[in-house]
2 protein chains.
Amino acid sequence: MKKTISILGSTGSIGQNTLKVVENLKGFLEVKYLTAARSSSRLVEQANKFQPEAVAIVDDQAYNEVRDALSGSKIQVLGGREGVVEIATRDDVDVMLNALVGSAGMEPTIRAIEAGVNVALSNKESLVMAGEIINGLKEKTGAEIYPVDSEHSAIWQCLSGEVPDGISRIILTGSGGPFRTKSIDEFSKITVSDALKHPTWEMGKKITIDSATMMNKGLEVIEAYWLFGVRTNQIEVVIHPQSIIHSMVEFVDGSVKAQLGLPDMKIPIQYALTYPHRQPSSWEEIDFSSLEMLTFEKPDLDKFRCVQLAYDVLEQGGSAPAALNVANDNAVKFFLEGKIPFSQISTINEMAVQKHDFVKHPDLDYLLELEEWGKRLVSGDW
Amino acid sequence: MKKTISILGSTGSIGQNTLKVVENLKGFLEVKYLTAARSSSRLVEQANKFQPEAVAIVDDQAYNEVRDALSGSKIQVLGGREGVVEIATRDDVDVMLNALVGSAGMEPTIRAIEAGVNVALSNKESLVMAGEIINGLKEKTGAEIYPVDSEHSAIWQCLSGEVPDGISRIILTGSGGPFRTKSIDEFSKITVSDALKHPTWEMGKKITIDSATMMNKGLEVIEAYWLFGVRTNQIEVVIHPQSIIHSMVEFVDGSVKAQLGLPDMKIPIQYALTYPHRQPSSWEEIDFSSLEMLTFEKPDLDKFRCVQLAYDVLEQGGSAPAALNVANDNAVKFFLEGKIPFSQISTINEMAVQKHDFVKHPDLDYLLELEEWGKRLVSGDW
């Protein structure tokens with residue numbers, strides 16, 4: 001019953017939570033590979049503690065640091081983006097958890113699925129960019145995707161034991177982020193530190209900003225489309241500020257199933273790694289008797305244009321969702337660096353969709369080029 | 001894919017809702033047998049519309065009326081309680097829906113399971129009285145029980161695709177009934193019409209009074225114990241006044257699944273009849289965006305002693321739950337007839353548990369005797 005895993009992005013928020021899950025399930029989960037972008041000291045610490053067979057780190061300087069620090073050990077050290085991609089193709093694990101941030105997570109997901117490796121997917125951008133390619137490869141190799149996003153994990157859990165044609169609607173819940181009740185007139189004054197204060201979830205910076213613009217919910221709509229084989233008009237977004245109900249599925253008979261929990265990513269991470277079983281955890285439980293009220297609202301699509309934009313690109317299909325995604329990756333980066341105001345993120349996203357070189361069935365080369373195009377985009381170099 | 005069914009208690013609230021489900025699923029569900037206690041004209045009407053092979057009616061006078069009314073048809077007419085029990089043993093149906101009220105539903109459930117007939121069980125008193133016997137017979141004949149109670153249907157749906165040892169807690173939700181916020185000092189002044197005003201569910205009289213005393217939630221705790229193979233301390237009651245979440249299951253990893261829906265018995269009835277499939281329905285859907293807030297509270301066990309009493313009789317085991325149940329059946333009857341005040345229902349229930357002739361493993365004969373004892377009980381004839 002033991003499972004071996006690799007973790008791409010082990011030094012980030014999801015990666016660190018994954019290692020807490022591994023610690024809680026010692027003897028059941030074993031880490032074989034870890035990768036990071038540039039946090040050399042944290043990766044070395046993790047490597048010493050979990051004793052993987054190999055680690056990879058993207059940044060050159062960080063690579064040198066890790067290689068030196070682990071030189072006395074048996075742990076192999078790989079460098080560069082190609083090192084991460086190589087780790088993704090190693091098929092001697094039961095599951096690869098992809099916790100990379102943004103478009104950079106796409107290629108490793110594709111390579112893993114191509115190599116027949118099951119992917120626990122936290123990097124929603126993989127499916128947003130390359131849903132068609134990934135679903136095609138899944139069919140070919142039989143590899144599976146286990147969602148890690150709390151919303152998609154909720155839907156996946158609700159679908160357990162159900163037949164696909166029983167689904168009527170997928171109801172994606174979202175907290176609405178820190179600006180749910182803020183007037184749109186004040187959006188231009190939003191600072192980086194305002195946007196990084198998420199009301200219910202503690203997460204990495206990229207996804208926290210995506211939650212503030214609600215682009216995150218939009219990307220989740222696209223992710224749900226590829227994961228669950230439903231039509232766009234079967235996916236509904238509902239605001240639920242308390243983040244207790246993580247999402248719901250309505251069935252054709254009017255019955256609705258929901259998955260609930262405290263806002264703790266360790267729960268969906270663990271489920272993705274132990275599926276189809278459940279293992280005991282030591283996290284805090286919900287006390288329903290003392291739970292505050294649960295409320296629901298319609299999302300304001302005029303204020304949070306990124307949600308509507310997600311529905312629009314799904315309708316357009318082809319490369320439109322990928323263009324949205326690479327634009328957003330870089331717009332968020334620029335916002336975090338103080339180069340553009342908050343209100344411009346959705347404007348850039350919208351323009352990118354219009355201006356990119358649309359193709360009907362983008363292949364991997366096209367998508368990798370688009371990723372580079374995205375980097376030039378926000379600097380005005382269209 | 002067609003299913004044939006029998007309905008015991010077709011003229012009551014659950015029975016009538018079941019026939020609405022059948023109408024909605026014409027071509028998928030076919031009614032073979034109907035039974036009623038005494039509503040002759042309604043049974044005749046149903047028989048003419050659904051053309052079953054046979055009907056049974058308990059009351060002698062009503063039997064004569066039904067026999068005469070259906071004399072020109074091919075429909076066989078049976079009479080008396082034995083007629084209903086005979087219908088219960090007919091094994092040429094896929095499912096028998098037992099919508100009988102109170103202890104009278106027990107024997108037909110036992111006879112059906114004994115005959116290898118799957119039972120869609122609305123009569124929770126069957127399991128409260130004879131859980132041990134019924135589970136023993138299920139093992140022997142392979143017949144199944146499909147819960148119809150909205151709470152147990154919710155739990156059953158949440159357990160779909162899950163493994164039993166993954167369950168941590170069952171969270172039975174209840175509206176708290178019409179007297180949730182009423183002071184216990186005013187309980188003696190409660191009238192029959194006060195108690196029949198349920199805030200969220202439209203149901204038969206017996207269950208509506210049981211909801212007002214919260215004995216219903218207590219009986220559901222016992223029913224859940226026998227249905228889902230959990231320990232007493234794994235069943236928790238939580239008050240949820242809006243009746244939107246119908247119950248929940250917490251798993252060992254901290255994840256919680258809930259089933260939700262508008263308070264409409266047609267949903268759990270249909271699921272029990274179409275299981276393991278789901279069929280489209282035409283009932284009203286939940287609009288989450290316009291849903292009022294959902295709230296939760298601890299039940300007040302001092303005010304609603306019947307809930308605590310249910311936990312107590314489960315601990316005692318043996319015939320204690322059955323004694324509670326027959327006492328309650330008759331106490332409710334007496335209350336509805338204006339013979340005892342509302343506040344005395346729980347007192348009678350409590351005394352019955354103490355005073356009855358306790359046996360460790362009650363058999364059917366004992367339970368049928370106990371049913372008769374219950375009828376004498378509230379008149380003071382101990």
# chains A, B, ... in the order shown; residues from 1 in each chain; ligands from 1
$ closest_atom_pairs --of "chain B" --to "chain A" --cutoff "7 Å" --atoms "only C-alpha atoms" --output "CSV"
residue,atom,partner,partner_atom,distance
B:Ser160,CA,A:Gly161,CA,4.9
B:Gly161,CA,A:Gly161,CA,3.9
B:Gly166,CA,A:Arg278,CA,5.7
B:Val238,CA,A:Ser289,CA,6.2
B:Val252,CA,A:Pro280,CA,4.6
B:Asp253,CA,A:Pro280,CA,4.7
B:Gly254,CA,A:Glu285,CA,5.9
B:Ser255,CA,A:Gly261,CA,5.6
B:Val256,CA,A:Leu260,CA,4.9
B:Lys257,CA,A:Gln259,CA,4.4
B:Ala258,CA,A:Ala258,CA,5.1
B:Gln259,CA,A:Lys257,CA,4.4
B:Leu260,CA,A:Val256,CA,4.9
B:Gly261,CA,A:Ser255,CA,5.6
B:Ile267,CA,A:Ser255,CA,6.5
B:Arg278,CA,A:Gly166,CA,5.7
B:Gln279,CA,A:Asp253,CA,5.6
B:Pro280,CA,A:Val252,CA,4.6
B:Ser281,CA,A:Asp253,CA,4.7
B:Trp283,CA,A:Gly254,CA,7.0
B:Glu285,CA,A:Gly254,CA,5.9
B:Phe288,CA,A:Phe296,CA,6.2
B:Ser289,CA,A:Glu297,CA,4.4
B:Ser290,CA,A:Glu297,CA,6.6
B:Leu291,CA,A:Phe296,CA,6.5
B:Glu292,CA,A:Thr295,CA,6.9
B:Met293,CA,A:Thr295,CA,4.6
B:Leu294,CA,A:Leu294,CA,4.9
B:Thr295,CA,A:Met293,CA,4.6
B:Phe296,CA,A:Ser289,CA,5.4
B:Glu297,CA,A:Ser289,CA,4.5
B:Lys298,CA,A:Ser289,CA,4.9
$ calpha_fit_and_write --fixed "chain B" --moving "chain A" --output "tab-separated table (two decimals) with C-alpha atoms, in the first residue's frame"
chain	number	residue	atom	x	y	z
A	1	MET	CA	-33.32	-0.74	-17.08
A	2	LYS	CA	-37.01	-0.76	-16.14
A	3	LYS	CA	-37.76	-1.29	-12.46
A	4	THR	CA	-40.92	-2.70	-10.93
A	5	ILE	CA	-41.94	-1.56	-7.48
A	6	SER	CA	-44.47	-2.09	-4.73
A	7	ILE	CA	-45.50	0.72	-2.39
A	8	LEU	CA	-46.67	0.00	1.15
A	9	GLY	CA	-48.60	3.00	2.43
A	10	SER	CA	-49.29	4.55	-0.97
A	11	THR	CA	-52.02	6.92	0.23
A	12	GLY	CA	-49.86	8.71	2.83
A	13	SER	CA	-47.51	11.65	2.29
A	14	ILE	CA	-44.47	9.57	1.23
A	15	GLY	CA	-46.66	7.20	-0.80
A	16	GLN	CA	-48.21	10.05	-2.77
A	17	ASN	CA	-44.80	11.62	-3.39
A	18	THR	CA	-43.56	8.22	-4.58
A	19	LEU	CA	-46.35	8.06	-7.14
A	20	LYS	CA	-45.34	11.55	-8.36
A	21	VAL	CA	-41.83	10.18	-8.87
A	22	VAL	CA	-43.28	7.19	-10.76
A	23	GLU	CA	-45.25	9.55	-13.01
A	24	ASN	CA	-42.11	11.57	-13.69
A	25	LEU	CA	-40.26	8.38	-14.63
A	26	LYS	CA	-42.91	6.65	-16.72
A	27	GLY	CA	-41.31	3.86	-18.70
A	28	PHE	CA	-38.59	3.46	-16.08
A	29	LEU	CA	-40.68	2.69	-12.98
A	30	GLU	CA	-43.72	0.42	-12.97
A	31	VAL	CA	-46.01	-0.04	-9.97
A	32	LYS	CA	-47.08	-3.63	-9.28
A	33	TYR	CA	-48.55	-3.40	-5.79
A	34	LEU	CA	-50.09	-0.72	-3.59
A	35	THR	CA	-51.28	-0.89	0.01
A	36	ALA	CA	-53.11	1.48	2.35
A	37	ALA	CA	-54.46	1.47	5.90
A	38	ARG	CA	-57.94	2.92	5.39
A	39	SER	CA	-58.06	5.59	2.64
A	40	SER	CA	-60.26	3.55	0.31
A	41	SER	CA	-61.22	6.22	-2.22
A	42	ARG	CA	-57.63	7.42	-2.65
A	43	LEU	CA	-56.39	3.84	-3.08
A	44	VAL	CA	-59.06	3.17	-5.72
A	45	GLU	CA	-58.08	6.34	-7.55
A	46	GLN	CA	-54.39	5.30	-7.47
A	47	ALA	CA	-55.25	1.76	-8.59
A	48	ASN	CA	-57.26	3.04	-11.55
A	49	LYS	CA	-54.46	5.36	-12.56
A	50	PHE	CA	-51.42	3.07	-12.09
A	51	GLN	CA	-53.08	-0.30	-12.78
A	52	PRO	CA	-51.15	-2.44	-10.28
A	53	GLU	CA	-51.55	-6.23	-10.22
A	54	ALA	CA	-52.87	-6.13	-6.67
A	55	VAL	CA	-53.72	-3.78	-3.82
A	56	ALA	CA	-54.19	-4.43	-0.09
A	57	ILE	CA	-56.04	-2.38	2.49
A	58	VAL	CA	-56.07	-3.02	6.25
A	59	ASP	CA	-59.42	-1.68	7.45
A	60	ASP	CA	-62.41	-4.07	6.96
A	61	GLN	CA	-64.95	-1.48	5.90
A	62	ALA	CA	-62.42	0.14	3.54
A	63	TYR	CA	-61.61	-3.30	2.10
A	64	ASN	CA	-65.25	-3.80	1.12
A	65	GLU	CA	-65.31	-0.40	-0.56
A	66	VAL	CA	-62.13	-1.03	-2.53
A	67	ARG	CA	-63.19	-4.56	-3.54
A	68	ASP	CA	-66.52	-3.24	-4.87
A	69	ALA	CA	-64.96	-0.29	-6.67
A	70	LEU	CA	-62.36	-2.47	-8.43
A	71	SER	CA	-64.67	-5.44	-9.07
A	72	GLY	CA	-64.77	-4.78	-12.81
A	73	SER	CA	-60.96	-4.63	-13.12
A	74	LYS	CA	-58.21	-7.26	-13.19
A	75	ILE	CA	-56.72	-5.84	-10.00
A	76	GLN	CA	-56.61	-8.28	-7.10
A	77	VAL	CA	-57.79	-6.83	-3.77
A	78	LEU	CA	-56.41	-8.13	-0.45
A	79	GLY	CA	-57.61	-7.17	3.02
A	80	GLY	CA	-56.32	-6.88	6.57
A	81	ARG	CA	-52.86	-6.51	7.98
A	82	GLU	CA	-52.10	-9.98	6.62
A	83	GLY	CA	-52.90	-8.67	3.13
A	84	VAL	CA	-50.24	-5.98	3.52
A	85	VAL	CA	-47.73	-8.51	4.86
A	86	GLU	CA	-48.48	-10.82	1.93
A	87	ILE	CA	-47.82	-8.01	-0.55
A	88	ALA	CA	-44.52	-7.36	1.26
A	89	THR	CA	-43.37	-10.93	0.56
A	90	ARG	CA	-44.08	-10.82	-3.19
A	91	ASP	CA	-40.63	-11.03	-4.68
A	92	ASP	CA	-41.48	-10.25	-8.31
A	93	VAL	CA	-40.56	-6.58	-7.81
A	94	ASP	CA	-37.13	-4.91	-7.91
A	95	VAL	CA	-37.83	-2.72	-4.90
A	96	MET	CA	-40.52	-2.47	-2.24
A	97	LEU	CA	-40.96	1.04	-0.86
A	98	ASN	CA	-42.09	0.86	2.75
A	99	ALA	CA	-43.84	4.13	3.63
A	100	LEU	CA	-45.87	2.73	6.52
A	101	VAL	CA	-46.09	4.84	9.66
A	102	GLY	CA	-44.75	3.71	13.05
A	103	SER	CA	-44.16	0.22	14.42
A	104	ALA	CA	-46.70	-1.25	11.99
A	105	GLY	CA	-44.01	-0.95	9.29
A	106	MET	CA	-41.62	-3.35	11.01
A	107	GLU	CA	-43.10	-6.74	10.14
A	108	PRO	CA	-43.51	-5.99	6.40
A	109	THR	CA	-39.84	-4.89	6.25
A	110	ILE	CA	-38.73	-8.10	7.94
A	111	ARG	CA	-40.91	-10.26	5.67
A	112	ALA	CA	-39.66	-8.51	2.53
A	113	ILE	CA	-35.98	-8.84	3.45
A	114	GLU	CA	-36.64	-12.49	4.41
A	115	ALA	CA	-38.13	-13.03	0.93
A	116	GLY	CA	-35.05	-11.44	-0.65
A	117	VAL	CA	-36.83	-8.24	-1.70
A	118	ASN	CA	-34.83	-4.99	-1.67
A	119	VAL	CA	-36.52	-2.41	0.53
A	120	ALA	CA	-36.56	1.35	-0.02
A	121	LEU	CA	-37.13	2.22	3.61
A	122	SER	CA	-39.04	5.27	4.71
A	123	ASN	CA	-40.32	3.50	7.84
A	124	LYS	CA	-37.39	4.18	10.18
A	125	GLU	CA	-39.24	2.39	12.98
A	126	SER	CA	-38.41	-0.94	11.26
A	127	LEU	CA	-34.72	-0.55	12.02
A	128	VAL	CA	-35.29	1.11	15.39
A	129	MET	CA	-37.37	-1.90	16.49
A	130	ALA	CA	-35.62	-4.74	14.71
A	131	GLY	CA	-32.23	-3.55	13.47
A	132	GLU	CA	-30.45	-6.70	14.63
A	133	ILE	CA	-33.01	-9.06	13.07
A	134	ILE	CA	-33.08	-7.13	9.78
A	135	ASN	CA	-29.30	-6.95	9.43
A	136	GLY	CA	-29.09	-10.68	10.11
A	137	LEU	CA	-31.68	-11.42	7.41
A	138	LYS	CA	-29.97	-9.10	4.93
A	139	GLU	CA	-26.79	-11.11	5.28
A	140	LYS	CA	-28.73	-14.33	4.73
A	141	THR	CA	-30.80	-13.34	1.70
A	142	GLY	CA	-28.61	-10.64	0.15
A	143	ALA	CA	-31.52	-8.19	0.05
A	144	GLU	CA	-30.58	-4.52	0.42
A	145	ILE	CA	-32.03	-1.55	2.26
A	146	TYR	CA	-32.08	1.77	0.41
A	147	PRO	CA	-32.74	4.62	2.84
A	148	VAL	CA	-35.52	7.06	1.94
A	149	ASP	CA	-35.33	9.35	4.99
A	150	SER	CA	-33.72	12.52	3.65
A	151	GLU	CA	-30.94	12.39	6.26
A	152	HIS	CA	-30.01	8.77	5.63
A	153	SER	CA	-30.31	9.21	1.89
A	154	ALA	CA	-27.85	12.11	2.26
A	155	ILE	CA	-25.40	9.94	4.20
A	156	TRP	CA	-25.81	7.08	1.74
A	157	GLN	CA	-25.10	9.42	-1.18
A	158	CYS	CA	-22.05	10.84	0.61
A	159	LEU	CA	-20.74	7.29	1.15
A	160	SER	CA	-21.03	6.41	-2.53
A	161	GLY	CA	-17.59	5.34	-3.77
A	162	GLU	CA	-16.09	5.53	-0.26
A	163	VAL	CA	-14.72	2.66	1.84
A	164	PRO	CA	-16.46	2.02	5.20
A	165	ASP	CA	-13.29	2.36	7.29
A	166	GLY	CA	-12.85	5.88	5.93
A	167	ILE	CA	-15.79	7.17	8.00
A	168	SER	CA	-14.94	9.25	11.02
A	169	ARG	CA	-18.31	10.79	11.99
A	170	ILE	CA	-21.86	10.90	10.72
A	171	ILE	CA	-23.38	14.35	11.19
A	172	LEU	CA	-27.17	14.13	11.20
A	173	THR	CA	-28.66	17.55	10.60
A	174	GLY	CA	-32.12	18.50	11.77
A	175	SER	CA	-34.18	21.66	11.53
A	176	GLY	CA	-34.85	21.60	15.26
A	177	GLY	CA	-38.57	21.63	14.55
A	178	PRO	CA	-41.11	24.33	15.41
A	179	PHE	CA	-40.00	24.66	19.06
A	180	ARG	CA	-36.28	25.11	18.60
A	181	THR	CA	-36.34	28.60	20.10
A	182	LYS	CA	-39.29	28.09	22.48
A	183	SER	CA	-38.59	28.10	26.21
A	184	ILE	CA	-39.06	24.71	27.90
A	185	ASP	CA	-41.36	26.44	30.42
A	186	GLU	CA	-43.91	26.88	27.66
A	187	PHE	CA	-43.78	23.27	26.46
A	188	SER	CA	-46.82	22.21	28.48
A	189	LYS	CA	-48.96	24.80	26.65
A	190	ILE	CA	-48.12	23.52	23.16
A	191	THR	CA	-51.24	22.63	21.16
A	192	VAL	CA	-51.62	19.98	18.46
A	193	SER	CA	-51.87	22.64	15.78
A	194	ASP	CA	-48.69	24.36	17.07
A	195	ALA	CA	-46.85	21.04	16.86
A	196	LEU	CA	-48.14	20.30	13.36
A	197	LYS	CA	-46.59	23.50	11.94
A	198	HIS	CA	-43.19	22.31	10.79
A	199	PRO	CA	-40.96	25.18	9.68
A	200	THR	CA	-39.39	23.55	6.60
A	201	TRP	CA	-40.85	20.12	5.74
A	202	GLU	CA	-44.38	19.11	4.74
A	203	MET	CA	-44.86	15.60	6.09
A	204	GLY	CA	-47.33	13.19	7.64
A	205	LYS	CA	-48.67	13.87	11.14
A	206	LYS	CA	-46.66	11.25	13.06
A	207	ILE	CA	-43.29	12.41	11.77
A	208	THR	CA	-44.25	16.06	12.17
A	209	ILE	CA	-44.95	15.53	15.88
A	210	ASP	CA	-41.74	13.48	16.14
A	211	SER	CA	-39.92	16.48	14.66
A	212	ALA	CA	-41.50	18.77	17.24
A	213	THR	CA	-40.29	16.55	20.13
A	214	MET	CA	-37.09	15.80	18.20
A	215	MET	CA	-37.80	12.11	18.85
A	216	ASN	CA	-37.52	11.92	15.06
A	217	LYS	CA	-33.85	12.91	15.22
A	218	GLY	CA	-33.35	10.38	17.99
A	219	LEU	CA	-34.94	7.61	15.92
A	220	GLU	CA	-32.70	8.68	13.04
A	221	VAL	CA	-29.62	8.25	15.24
A	222	ILE	CA	-30.72	4.65	15.88
A	223	GLU	CA	-31.54	4.12	12.20
A	224	ALA	CA	-28.10	5.43	11.18
A	225	TYR	CA	-26.48	3.06	13.67
A	226	TRP	CA	-28.03	0.02	11.97
A	227	LEU	CA	-27.72	1.30	8.39
A	228	PHE	CA	-24.11	2.42	8.37
A	229	GLY	CA	-22.34	0.15	10.86
A	230	VAL	CA	-20.85	2.97	12.95
A	231	ARG	CA	-20.48	3.24	16.70
A	232	THR	CA	-22.93	5.37	18.70
A	233	ASN	CA	-20.24	7.94	19.49
A	234	GLN	CA	-19.61	8.40	15.77
A	235	ILE	CA	-23.11	9.82	15.25
A	236	GLU	CA	-23.55	13.52	15.98
A	237	VAL	CA	-26.73	15.60	15.78
A	238	VAL	CA	-26.38	19.20	14.60
A	239	ILE	CA	-29.24	21.66	14.29
A	240	HIS	CA	-29.47	23.32	10.88
A	241	PRO	CA	-32.73	25.29	10.81
A	242	GLN	CA	-32.84	25.85	7.03
A	243	SER	CA	-33.01	22.12	6.14
A	244	ILE	CA	-30.83	22.61	3.04
A	245	ILE	CA	-27.94	20.37	4.12
A	246	HIS	CA	-29.66	17.02	4.69
A	247	SER	CA	-26.73	15.40	6.50
A	248	MET	CA	-22.98	15.01	6.29
A	249	VAL	CA	-20.19	12.47	6.66
A	250	GLU	CA	-16.77	13.34	7.99
A	251	PHE	CA	-13.94	11.09	6.85
A	252	VAL	CA	-10.77	10.15	8.71
A	253	ASP	CA	-8.71	12.65	6.70
A	254	GLY	CA	-10.81	15.60	7.88
A	255	SER	CA	-12.75	15.92	4.63
A	256	VAL	CA	-16.52	16.30	4.97
A	257	LYS	CA	-19.11	15.46	2.36
A	258	ALA	CA	-22.66	16.78	2.51
A	259	GLN	CA	-25.78	16.24	0.45
A	260	LEU	CA	-27.97	19.26	-0.09
A	261	GLY	CA	-31.29	20.00	-1.72
A	262	LEU	CA	-34.53	21.83	-1.29
A	263	PRO	CA	-36.70	20.16	1.39
A	264	ASP	CA	-38.51	17.88	-1.07
A	265	MET	CA	-38.95	14.18	-0.29
A	266	LYS	CA	-39.23	13.35	-3.98
A	267	ILE	CA	-35.43	13.63	-4.30
A	268	PRO	CA	-34.49	10.91	-1.77
A	269	ILE	CA	-37.46	8.76	-2.87
A	270	GLN	CA	-36.34	8.90	-6.49
A	271	TYR	CA	-32.71	8.16	-5.60
A	272	ALA	CA	-33.75	5.07	-3.64
A	273	LEU	CA	-35.79	3.85	-6.63
A	274	THR	CA	-33.25	4.61	-9.38
A	275	TYR	CA	-30.08	3.70	-7.44
A	276	PRO	CA	-27.31	3.18	-8.53
A	277	HIS	CA	-28.36	5.44	-11.42
A	278	ARG	CA	-29.74	8.95	-11.36
A	279	GLN	CA	-32.65	9.98	-13.54
A	280	PRO	CA	-33.62	13.52	-14.52
A	281	SER	CA	-36.31	15.17	-12.44
A	282	SER	CA	-38.48	18.19	-12.96
A	283	TRP	CA	-38.52	19.45	-9.37
A	284	GLU	CA	-37.34	22.94	-8.45
A	285	GLU	CA	-33.53	23.39	-8.25
A	286	ILE	CA	-31.56	25.22	-5.58
A	287	ASP	CA	-30.45	28.69	-6.63
A	288	PHE	CA	-27.35	29.03	-4.47
A	289	SER	CA	-26.83	32.70	-5.26
A	290	SER	CA	-30.19	33.57	-3.77
A	291	LEU	CA	-30.03	31.07	-0.93
A	292	GLU	CA	-30.49	32.44	2.56
A	293	MET	CA	-27.63	31.83	4.96
A	294	LEU	CA	-27.05	28.37	6.38
A	295	THR	CA	-26.60	28.16	10.14
A	296	PHE	CA	-25.74	25.44	12.65
A	297	GLU	CA	-26.32	24.98	16.39
A	298	LYS	CA	-25.85	22.36	19.08
A	299	PRO	CA	-29.14	20.64	19.99
A	300	ASP	CA	-30.51	21.44	23.46
A	301	LEU	CA	-30.66	17.96	25.00
A	302	ASP	CA	-32.29	19.19	28.21
A	303	LYS	CA	-35.20	20.64	26.27
A	304	PHE	CA	-35.39	17.82	23.73
A	305	ARG	CA	-34.92	14.84	26.03
A	306	CYS	CA	-35.97	12.40	23.28
A	307	VAL	CA	-32.63	12.90	21.52
A	308	GLN	CA	-30.61	11.98	24.59
A	309	LEU	CA	-33.00	9.08	25.19
A	310	ALA	CA	-32.12	7.65	21.77
A	311	TYR	CA	-28.42	7.64	22.63
A	312	ASP	CA	-29.24	6.04	25.97
A	313	VAL	CA	-31.27	3.17	24.50
A	314	LEU	CA	-28.57	2.51	21.91
A	315	GLU	CA	-26.10	2.12	24.77
A	316	GLN	CA	-28.49	-0.24	26.57
A	317	GLY	CA	-29.12	-2.19	23.36
A	318	GLY	CA	-31.43	-5.23	23.29
A	319	SER	CA	-35.11	-4.35	23.40
A	320	ALA	CA	-34.61	-0.81	24.78
A	321	PRO	CA	-34.87	0.99	21.40
A	322	ALA	CA	-37.99	-1.03	20.51
A	323	ALA	CA	-39.64	-0.12	23.81
A	324	LEU	CA	-38.87	3.54	23.20
A	325	ASN	CA	-40.35	3.28	19.74
A	326	VAL	CA	-43.65	1.61	20.63
A	327	ALA	CA	-44.13	4.01	23.53
A	328	ASN	CA	-43.52	6.97	21.26
A	329	ASP	CA	-45.89	5.67	18.56
A	330	ASN	CA	-48.71	5.60	21.06
A	331	ALA	CA	-47.77	8.72	22.98
A	332	VAL	CA	-47.88	10.66	19.71
A	333	LYS	CA	-51.24	9.11	18.87
A	334	PHE	CA	-52.60	10.14	22.27
A	335	PHE	CA	-51.21	13.65	21.91
A	336	LEU	CA	-52.83	14.01	18.47
A	337	GLU	CA	-56.11	12.85	20.00
A	338	GLY	CA	-55.80	15.52	22.71
A	339	LYS	CA	-55.45	12.95	25.51
A	340	ILE	CA	-52.01	13.96	26.81
A	341	PRO	CA	-50.04	17.23	26.77
A	342	PHE	CA	-47.03	17.66	24.48
A	343	SER	CA	-44.58	17.64	27.37
A	344	GLN	CA	-45.72	14.17	28.41
A	345	ILE	CA	-44.57	12.44	25.24
A	346	SER	CA	-40.93	12.31	26.35
A	347	THR	CA	-41.93	11.32	29.89
A	348	ILE	CA	-43.92	8.34	28.61
A	349	ASN	CA	-41.07	7.35	26.31
A	350	GLU	CA	-38.59	7.43	29.17
A	351	MET	CA	-40.81	5.41	31.51
A	352	ALA	CA	-41.50	2.78	28.86
A	353	VAL	CA	-37.81	2.12	28.44
A	354	GLN	CA	-37.42	1.64	32.19
A	355	LYS	CA	-40.56	-0.43	32.73
A	356	HIS	CA	-40.65	-2.76	29.74
A	357	ASP	CA	-39.61	-6.37	29.97
A	358	PHE	CA	-35.99	-6.06	28.77
A	359	VAL	CA	-34.49	-8.84	26.66
A	360	LYS	CA	-31.03	-8.90	25.12
A	361	HIS	CA	-31.90	-10.27	21.67
A	362	PRO	CA	-35.60	-9.65	20.95
A	363	ASP	CA	-37.13	-11.90	18.29
A	364	LEU	CA	-40.06	-11.02	16.04
A	365	ASP	CA	-42.67	-12.57	18.37
A	366	TYR	CA	-41.37	-10.55	21.27
A	367	LEU	CA	-41.43	-7.35	19.17
A	368	LEU	CA	-44.99	-7.96	17.96
A	369	GLU	CA	-46.05	-8.45	21.58
A	370	LEU	CA	-44.21	-5.28	22.55
A	371	GLU	CA	-46.15	-3.45	19.82
A	372	GLU	CA	-49.39	-4.53	21.52
A	373	TRP	CA	-47.97	-3.62	24.95
A	374	GLY	CA	-47.26	-0.15	23.57
A	375	LYS	CA	-50.91	0.30	22.70
A	376	ARG	CA	-51.96	-0.42	26.31
A	377	LEU	CA	-49.11	1.59	27.73
A	378	VAL	CA	-50.25	5.17	27.46
A	379	SER	CA	-53.64	4.39	28.91
A	380	GLY	CA	-51.76	3.58	32.12
A	381	ASP	CA	-52.24	-0.19	31.80
A	382	TRP	CA	-48.60	-1.17	32.47
$ select_by_dssp --residues "range 79-213 of chain B" --states "strand (DSSP E or B)" --output "list in words"
Gly79, Val95, Met96, Leu97, Asn98, Val119, Ala120, Leu121, Ile145, Tyr146, Pro147, Ile167, Ser168, Arg169, Ile170, Ile171, Leu172, Thr173 and Gly174 of chain B
$ select_by_dssp --residues "range 27-236 of chain B" --states "alpha helix (DSSP H)" --output "JSON, numbers by chain"
{"B": [40, 41, 42, 43, 44, 45, 46, 47, 48, 49, 50, 60, 61, 62, 63, 64, 65, 66, 67, 68, 69, 80, 81, 82, 83, 84, 85, 86, 87, 88, 89, 106, 107, 108, 109, 110, 111, 112, 113, 114, 125, 126, 127, 128, 129, 130, 131, 132, 133, 134, 135, 136, 137, 138, 139, 140, 141, 150, 151, 152, 153, 154, 155, 156, 157, 158, 159, 192, 193, 194, 195, 205, 206, 207, 208, 209, 210, 211, 212, 213, 215, 216, 217, 218, 219, 220, 221, 222, 223, 224, 225, 226, 227, 228]}
$ decode --residues "range 20-25 of chain A" --atoms "C-alpha atoms" --output "CSV table (one decimal), in the first residue's frame"
chain,number,residue,atom,x,y,z
A,20,LYS,CA,3.7,17.9,6.1
A,21,VAL,CA,1.3,15.4,4.6
A,22,VAL,CA,4.2,13.0,3.9
A,23,GLU,CA,5.4,13.4,7.5
A,24,ASN,CA,2.0,12.6,8.8
A,25,LEU,CA,1.8,9.5,6.6
